[in-house]
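Asks: I'd like to ask some things about the structure below.
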Amino acid sequence: MVTPAYGSGAMPSVWQPENLQELQALRSRLKGICCFTAGGTLLRTQWEGGLVPAPEHLISLGRIPEMNGVSIRGDELVIGAMTRLKECAAQALLYQLPILQEAVNAIAAPSIRNVATIGGNIVSGVGDTLTALLVYDAELHWLTDSGIEIRSVTSWLQGGRDGSRNPGDVLISIHIPMRSSSLFDVDSGHKPAAREVSFYRKLGRRETFSASLVTVALYGEINSDKCWTKIAIAAGGGSGMAMRLLESEQRLLGSEASVMQAATLAAAVAEEFTTYGDVFATEHYRKQTAANMLGAGLWEALHE
C-alpha cells in the first residue's frame with residue numbers, strides 16, 4: 001500500500017517479482033507510476049542529484065532467474081540483463097568476446113562493478129558497453145506489452161533518437177552470435193579466415209572512475225588473402241548515443257588490410273561520427289579523438 005505522504009519524503013513501495021509472469025502483471029498494474037531497478041547505481045545518482053524524482057513504486061528485477069547469468073544457447077552467448085558487471089568481467093565465456101570484456105572492465109571502479117548490471121549500463125542509453133555490443137551485432141530481448149520482442153542494438157538506439165522507445169519495456173537478456181566457428185571467406189564460403197582484429201578504446205577525464213568522453217570499438221576478419229571479409233566499427237561516449245560507422249566500414253571492406261589504412265579510417269571516422277559538445281569537450285574534439293583512437297588502434301593491430 002502506498003502511503004499518502006508520498007512526495008513529501010515517503011519511501012517508494014518496493015516490489016520483487018520472482019518470474020517474468022509476475023513482472024508482466026506488475027508492469028500492467030503499475031504502468032506510469034513505477035520504475036524498474038537493477039543494480040540501482042545510476043538511479044541513485046540521479047535521485048541524489050535531483051535529476052529525476054523518486055518513483056511511487058520501485059520494481060526490483062533481482063529475483064528473476066531468466067535475467068541472471070551467462071550461458072551458451074545454440075550459437076549464441078546469452079547474458080542476463082541483471083548480471084553484475086563484475087561477473088561479466090570474470091566469466092570465462094566472455095574471453096571469446098574480448099571487446100565486451102574490456103569495455104566492462106573500463107566502467108567506473110570495482111566497487112561500482114560489484115553492484116551495477118550490464119542491463120543497467122545498456123538501458124541508460126549511453127553506457128560504455130554499447131560500442132562493443134554494436135560491433136558484435138548483439139540483439140536485445142525485451143519484455144513489452146505484447147510479450148518478448150527482439151531488437152538489434154542499432155534499432156533500439158535509433159528508437160532513442162526518434163522517440164519511439166517505450167520506457168516501460170524491460171530488458172531481459174543480451175544475445176551475441178558466437179564467431180569462433182563462423183570465420184569464412186565471403187567468396188568461397190568455406191576458406192577459414194587468417195585472423196581476427198579487434199580492440200576497444202575509452203578516453204575519460206581521468207584514468208579511472210570517470211565518465212567517458214569517447215569510446216570506440218572495432219571488430220574485423222581478414223582472410224588468407226589478407227583482405228577484409230568483415231568489418232564493424234562503432235563510436236560513442238559521454239552523453240552521446242553510440243553508433244555504427246557504416247560508411248567508414250565500407251572504406252575497408254573487401255580491400256587488402258594494411259597499416260596504410262589507418263589514416264584513411266581516421267579521416268572517414270572524423271567525417272561520419274555524429275556527436276556533441278559540452279563543458280568538458282567540444283564536438284570537434286570528440287570527433288577527432290574518435291578518429292585518432294580508431295586509426296591508432298588499427299595501426300597497432302595490423303603492425304603486429
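Residues in the C-alpha cells are numbered from 1 in each chain, the chains being A, B, ... in the order shown, and ligands are numbered from 1 in the order shown.
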Show me, as a ChimeraX atom specification, the residues that have an atom within 8 Å of region 19-29 of chain A when counting only C-alpha atoms, minus same-chain residues fewer than 4 positions from it.
Replies: /A:63-66,143,145,168
Asks: Set the distance at 9 Å and use only C-alpha atoms: which residues neighbour Val259 (chain A) once local chain neighbours fewer than 6 positions away are removed? I'd like the list as an mmCIF file with all heavy atoms, in the first residue's frame.
Replies:
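selection-v3.cif written:
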data_model
loop_
_atom_site.group_PDB
_atom_site.id
_atom_site.type_symbol
_atom_site.label_atom_id
_atom_site.label_comp_id
_atom_site.auth_asym_id
_atom_site.auth_seq_id
_atom_site.Cartn_x
_atom_site.Cartn_y
_atom_site.Cartn_z
ATOM 1 N N LEU A 298 43.866 0.634 -35.227
ATOM 2 C CA LEU A 298 44.030 -0.193 -36.423
ATOM 3 C C LEU A 298 45.514 -0.343 -36.777
ATOM 4 O O LEU A 298 45.976 -1.429 -37.111
ATOM 5 C CB LEU A 298 43.264 0.436 -37.584
ATOM 6 C CG LEU A 298 43.273 -0.377 -38.884
ATOM 7 C CD1 LEU A 298 42.585 -1.723 -38.685
ATOM 8 C CD2 LEU A 298 42.615 0.396 -40.025
ATOM 9 N N TRP A 299 46.250 0.754 -36.686
ATOM 10 C CA TRP A 299 47.684 0.688 -36.987
ATOM 11 C C TRP A 299 48.371 -0.301 -36.042
ATOM 12 O O TRP A 299 49.175 -1.132 -36.480
ATOM 13 C CB TRP A 299 48.305 2.071 -36.839
ATOM 14 C CG TRP A 299 49.720 2.161 -37.343
ATOM 15 C CD1 TRP A 299 50.132 2.499 -38.585
ATOM 16 C CD2 TRP A 299 50.899 1.876 -36.566
ATOM 17 N NE1 TRP A 299 51.499 2.444 -38.673
ATOM 18 C CE2 TRP A 299 52.010 2.059 -37.446
ATOM 19 C CE3 TRP A 299 51.136 1.479 -35.264
ATOM 20 C CZ2 TRP A 299 53.316 1.861 -37.027
ATOM 21 C CZ3 TRP A 299 52.445 1.276 -34.852
ATOM 22 C CH2 TRP A 299 53.518 1.470 -35.731
ATOM 23 N N GLU A 300 48.074 -0.218 -34.759
ATOM 24 C CA GLU A 300 48.703 -1.123 -33.789
ATOM 25 C C GLU A 300 48.333 -2.575 -34.061
ATOM 26 O O GLU A 300 49.182 -3.480 -33.998
ATOM 27 C CB GLU A 300 48.265 -0.746 -32.376
ATOM 28 C CG GLU A 300 48.830 0.585 -31.892
ATOM 29 C CD GLU A 300 48.236 0.991 -30.568
ATOM 30 O OE1 GLU A 300 47.494 0.186 -29.967
ATOM 31 O OE2 GLU A 300 48.515 2.118 -30.097
ATOM 32 N N ALA A 301 47.057 -2.815 -34.384
ATOM 33 C CA ALA A 301 46.597 -4.190 -34.612
ATOM 34 C C ALA A 301 47.242 -4.816 -35.848
ATOM 35 O O ALA A 301 47.588 -6.005 -35.850
ATOM 36 C CB ALA A 301 45.076 -4.202 -34.750
ATOM 37 N N LEU A 302 47.417 -4.020 -36.901
ATOM 38 C CA LEU A 302 47.960 -4.557 -38.154
ATOM 39 C C LEU A 302 49.477 -4.517 -38.195
ATOM 40 O O LEU A 302 50.102 -5.169 -39.035
ATOM 41 C CB LEU A 302 47.402 -3.771 -39.346
ATOM 42 C CG LEU A 302 45.887 -3.877 -39.544
ATOM 43 C CD1 LEU A 302 45.460 -3.056 -40.747
ATOM 44 C CD2 LEU A 302 45.453 -5.328 -39.692
ATOM 45 N N HIS A 303 50.086 -3.773 -37.276
ATOM 46 C CA HIS A 303 51.553 -3.645 -37.262
ATOM 47 C C HIS A 303 52.208 -4.793 -36.524
ATOM 48 O O HIS A 303 53.415 -4.962 -36.583
ATOM 49 C CB HIS A 303 51.949 -2.308 -36.620
ATOM 50 C CG HIS A 303 53.371 -1.939 -36.820
ATOM 51 N ND1 HIS A 303 54.354 -2.147 -35.873
ATOM 52 C CD2 HIS A 303 54.012 -1.384 -37.896
ATOM 53 C CE1 HIS A 303 55.515 -1.725 -36.333
ATOM 54 N NE2 HIS A 303 55.345 -1.264 -37.553
#
Asks: Please measure the separation of CA of Pro53 (chain A) and CA of Pro167 (chain A), giving the value in Å to one decimal.
Replies: 15.4 Å
Asks: Using backbone DSSP assignments, extract all alpha helix (DSSP H) residues from region 41-250 of chain A; output them as a ChimeraX atom specification.
Replies: /A:41-48,85-90,98-105,110-113,118-123,130-135,153-162,246-250
Asks: Using 12 Å as the limit and counting only C-alpha atoms, can you tabulate each residue of region 29-108 of chain A that touches region 211-226 of chain A, with its shortest atom-to-atom distance in Å and the two atoms involved, as CSV?
Replies:
residue,atom,partner,partner_atom,distance
A:Leu42,CA,A:Ala211,CA,11.9
A:Leu97,CA,A:Tyr219,CA,10.2
A:Pro98,CA,A:Tyr219,CA,10.1
A:Ile99,CA,A:Ala217,CA,7.1
A:Leu100,CA,A:Ala217,CA,9.2
A:Gln101,CA,A:Ala217,CA,11.9
A:Glu102,CA,A:Ala217,CA,10.2
A:Ala103,CA,A:Thr215,CA,8.9
A:Ala106,CA,A:Ser212,CA,9.5
A:Ile107,CA,A:Ala211,CA,8.2
A:Ala108,CA,A:Ala211,CA,7.4
